[in-house]
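Here the structure is laid out as structure tokens; the discussion comes afterwards.
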Amino acid sequence: MADTLVYRAEGAAVVDGTDLYGFTVTEWQLPATYPPFAAILFVPTTWLPLDALKVVFVIGNAALLALLVRLSWRFAGMPAGPVPLLAAVAVGLWLEPVFQTVLFGQINLVLVCLVLWDLSRPEHALGKGFALGVAAGIKLTPAVFIVYLLVTGRVRSGLIALASFTGTVLLGALVLPEASGEFWTTRVFETGRVGKAWIVDNQSLQGMLGRFLHTPEPGVVWVVAAGLTAVAGLWIARRAVVGAGLETWGVLVTALTALLVSPISWSHHWVWCVPLLAVLIAERRFRTAAAVGVVWTARSFWIVPHAGELDLRLPWWQQVPASPYPLFALGLLAFAAWRTGPGAGKGSALVLPVQRAEAGSGVSTTAGTG
């Protein structure tokens with residue numbers, strides 16, 4: 001539970017007034033990498049003995065998985081019952097990203113629950129976007145969903161999310177002014193501080209390209225690939241919502257795009273496989289769902305040689321098992337482009353937001369299942 005130890009050290013740094021970004025903990029010499037706002041939220045981790053804290057994280061992540069399954073079913077438009085819920089949680093624990101989240105004591109399930117709960121609420125729900133902004137304030141990656149809201153025309157929710165995120169930055173600056181100045185001017189740009197981007201643990205485009213090109217710095221190749229993927233992903237997401245009325249695929253495509261283009265997406269970041277499975281099952285695409293289940297439980301990248309710098313010396317035939325998540329995610333983006341094509345939303349139970357004009361009023365509203 002190395003990440004739990006990092007969170008505890010961050011909370012202790014806030015309490016003791018020590019350098020937030022100057023320490024390293026565990027045998028892997030892990031530093032703090034999240035914004036100061038996250039460190040403030042980690043203060044309660046210092047209130048418990050370490051063993052008790054680990055128990056809390058394990059039980060908490062199991063409960064969060066149950067919540068994520070419930071949110072995913074509602075998001076996909078599926079009915080939920082206690083027995084299927086417990087069965088899904090039991091199976092879901094063996095999905096590699098979920099298992100690794102529990103093993104490391106990570107907060108990935110907190111973030112995906114915040115984002116999915118917020119985005120699946122009715123469009124005009126009070127404060128929609130606020131929880132999304134908080135998630136982005138804890139860890140920057142969810143900020144891509146603010147862009148998603150804006151490009152799909154939900155300006156009100158997008159601005160609320162942006163204001164919420166800004167509030168987390170200001171709170172961090174108020175409580176930890178020196179650490180905030182250091183993070184937002186220096187640390188936020190230090191990708192290498194998070195870890196080695198080319199190891200198999202990193203299932204982003206940069207990690208995949210680094211291993212394929214046998215270089216720790218894929219440079220312009222990665223920049224171009226990430227830029228094209230970001231543009232294509234947001235375009236598909238916009239078409240899913242505005243063109244086909246499929247909020248499910250809009251959100252999923254945005255999540256996959258963020259995981260692909262992020263410089264580092266550790267395997268445990270891919271917990272979005274849970275709502276992905278729910279949507280595929282709800283659409284009765286059982287073969288695709290089975291493929292997702294296999295890819296996200298096979299753990300193939302732990303089988304290829306990866307001790308030391310062996311990740312950079314993999315032969316061509318080991319590249320696919322070394323990068324299953326980004327390769328499959330790219331395929332899913334292509335599938336989503338087809339799924340959200342002209343007429344895709346007609347007759348679908350998964351059409352959540354439907355743009356329409358009120359008769360005679362000329363006012364555009366959004367109807368949805370919530």
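Note on naming: chains are A, B, ... as they come in the structure tokens, residues start from 1 per chain, ligands start from 1 in the order shown.
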If we count only C-alpha atoms and set the cut-off at 8 Å, which residues sit around range 251-258 of chain A, ignoring sequence neighbours fewer than 2 positions away in its own chain? Please answer as a list in words.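 My list of contacting residues is Leu119, Thr141, Pro142, Val144, Phe145, Tyr148, Thr229, Ala230, Gly233, Leu234, Ile236, Ala237, Glu247, Thr248, Trp249, Leu260, Val261, Ser262, Trp272, Pro275, Leu276, Ala329, Leu333 and Ala336 of chain A.
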With C-alpha atoms kept, could you save the residues just selected as a compact mmCIF listing (two decimals), in the first residue's frame?
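Result file follows (result-v1.txt):
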```txt
# COMPACT_ATOMS: atom_id res chain seq x y z
CA LEU A 119 -21.87 13.79 -15.11
CA THR A 141 -6.44 14.42 -15.14
CA PRO A 142 -10.25 14.77 -14.59
CA VAL A 144 -10.37 17.04 -19.35
CA PHE A 145 -14.06 16.56 -18.52
CA TYR A 148 -15.79 17.89 -22.59
CA THR A 229 -5.73 11.48 -30.23
CA ALA A 230 -6.95 14.36 -28.05
CA GLY A 233 -11.34 11.84 -28.96
CA LEU A 234 -13.05 15.12 -28.12
CA ILE A 236 -16.01 11.74 -31.18
CA ALA A 237 -17.27 12.67 -27.71
CA GLU A 247 -24.01 10.71 -23.08
CA THR A 248 -22.68 7.27 -22.15
CA TRP A 249 -20.25 7.14 -25.05
CA LEU A 260 -4.29 7.75 -23.59
CA VAL A 261 -2.86 11.26 -23.85
CA SER A 262 -1.78 11.65 -20.22
CA TRP A 272 -13.00 3.38 -16.13
CA PRO A 275 -18.53 1.75 -16.43
CA LEU A 276 -17.28 0.70 -19.87
CA ALA A 329 -8.51 1.86 -26.05
CA LEU A 333 -12.29 4.97 -29.92
CA ALA A 336 -17.18 4.64 -30.60
```
Would you return as a PyMOL selection string the members of range 18-247 of chain A that DSSP assigns to alpha helix (DSSP H) on this structure's backbone? chain A and resi 36-41+50-76+82-92+96-104+108-119+130-138+144-151+155-175+177-185+205-213+219-238+247
At a cut-off of 12 Å, using only C-alpha atoms, what residues contact Trp117 in chain A? Leave out same-chain residues fewer than 5 positions from it and give the result as JSON, numbers by chain. {"A": [67, 68, 69, 70, 71, 72, 73, 74, 75, 109, 110, 111, 112, 122, 125, 128, 129, 130, 131, 132, 135, 251, 275, 370]}
Pick from A:Ile199, A:Leu95, A:Val271, A:Leu150, whichever lies nearest to Val241 in chain A using only C-alpha atoms: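 Going through A:Ile199, A:Leu95, A:Val271, A:Leu150 one by one, the smallest distance to Val241 in chain A is for A:Leu150.
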When you look at Val55 in chain A with a cut-off of 12 Å (counting only C-alpha atoms), what residues show up, excluding the ones that are within fewer than 2 positions of it in the same chain? I need them as a VMD selection string. chain A and resid 1 4 45 48 to 53 57 to 62 102 to 103 105
Using only C-alpha atoms, pick whichever of A:Leu330, A:Val220, A:Ile264, A:Val274 has the shortest atom-to-atom distance to Ala88 in chain A.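 So, comparing all the options, the nearest one is A:Val274.
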Report as a ChimeraX atom specification all protein, DNA and RNA residues lying within 10 Å of Ile138 in chain A, evaluated on only C-alpha atoms, omitting residues in the same chain fewer than 5 positions from it. /A:34-41,107,111,133,165,168-169
For Asn108 in chain A, which residue among A:Ile303, A:Leu171, A:Ala136, A:Leu228 is the nearest when counting only C-alpha atoms?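 Going through A:Ile303, A:Leu171, A:Ala136, A:Leu228 one by one, the smallest distance to Asn108 in chain A is for A:Ala136.
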For CA of Arg239 in chain A and CA of Tyr325 in chain A, the interatomic separation in Å (one decimal):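 According to the coordinates, CA of Arg239 in chain A and CA of Tyr325 in chain A are separated by 23.6 Å.
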Which residues, written as a list in words, have at least one atom at most 10 Å from Ser323 in chain A, with only C-alpha atoms counted and residues fewer than 2 positions away on the same chain left out? Val200, Asp201, Asn202, Gln203, Ser204, Leu205, Gly207, Met208, Leu209, Arg211, Phe212, Ser267, Ser300, Phe301, Gln318, Gln319, Val320, Pro321, Tyr325, Pro326, Leu327 and Phe328 of chain A
May I have the residues within 12 Å of Thr24 in chain A as a list in words, using only C-alpha atoms and disregarding those fewer than 4 positions away in the same chain?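 These residues fall inside the cut-off: Ala2, Asp3, Leu5, Val6, Tyr7, Arg8, Ala9, Glu10, Ala13, Asp19, Leu20, Trp28, Gln29, Leu30, Pro31, Ala32, Thr33, Arg193 and Val194 of chain A.
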Would you mind telling me which residue in A:Val151, A:Leu140, A:Ile281, A:Val134 lies nearest to Ser164 in chain A when using only C-alpha atoms?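 Checking each candidate against Ser164 in chain A, we get A:Val134 as the closest.
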Between CA of Gly127 in chain A and CA of Val175 in chain A, measure the distance and give it in Å to one decimal.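 Pair CA of Gly127 in chain A / CA of Val175 in chain A returns 24.7 Å.
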Calculate how many Å separate CA of Thr101 in chain A from CA of His268 in chain A, rounding to one decimal.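 We find that CA of Thr101 in chain A and CA of His268 in chain A lie 5.4 Å from each other.
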Distance criterion (only C-alpha atoms): nearest to Trp338 in chain A out of A:Phe183, A:Gly137, A:Ile146, A:Ala244: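 Once distances to Trp338 in chain A are computed over only C-alpha atoms, the minimum belongs to A:Ala244.
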Residue with the minimum atom-to-atom distance to His214 in chain A, picked from A:Leu85, A:Leu174, A:Leu312, A:Ala63 with only C-alpha atoms counted, is A:Leu312
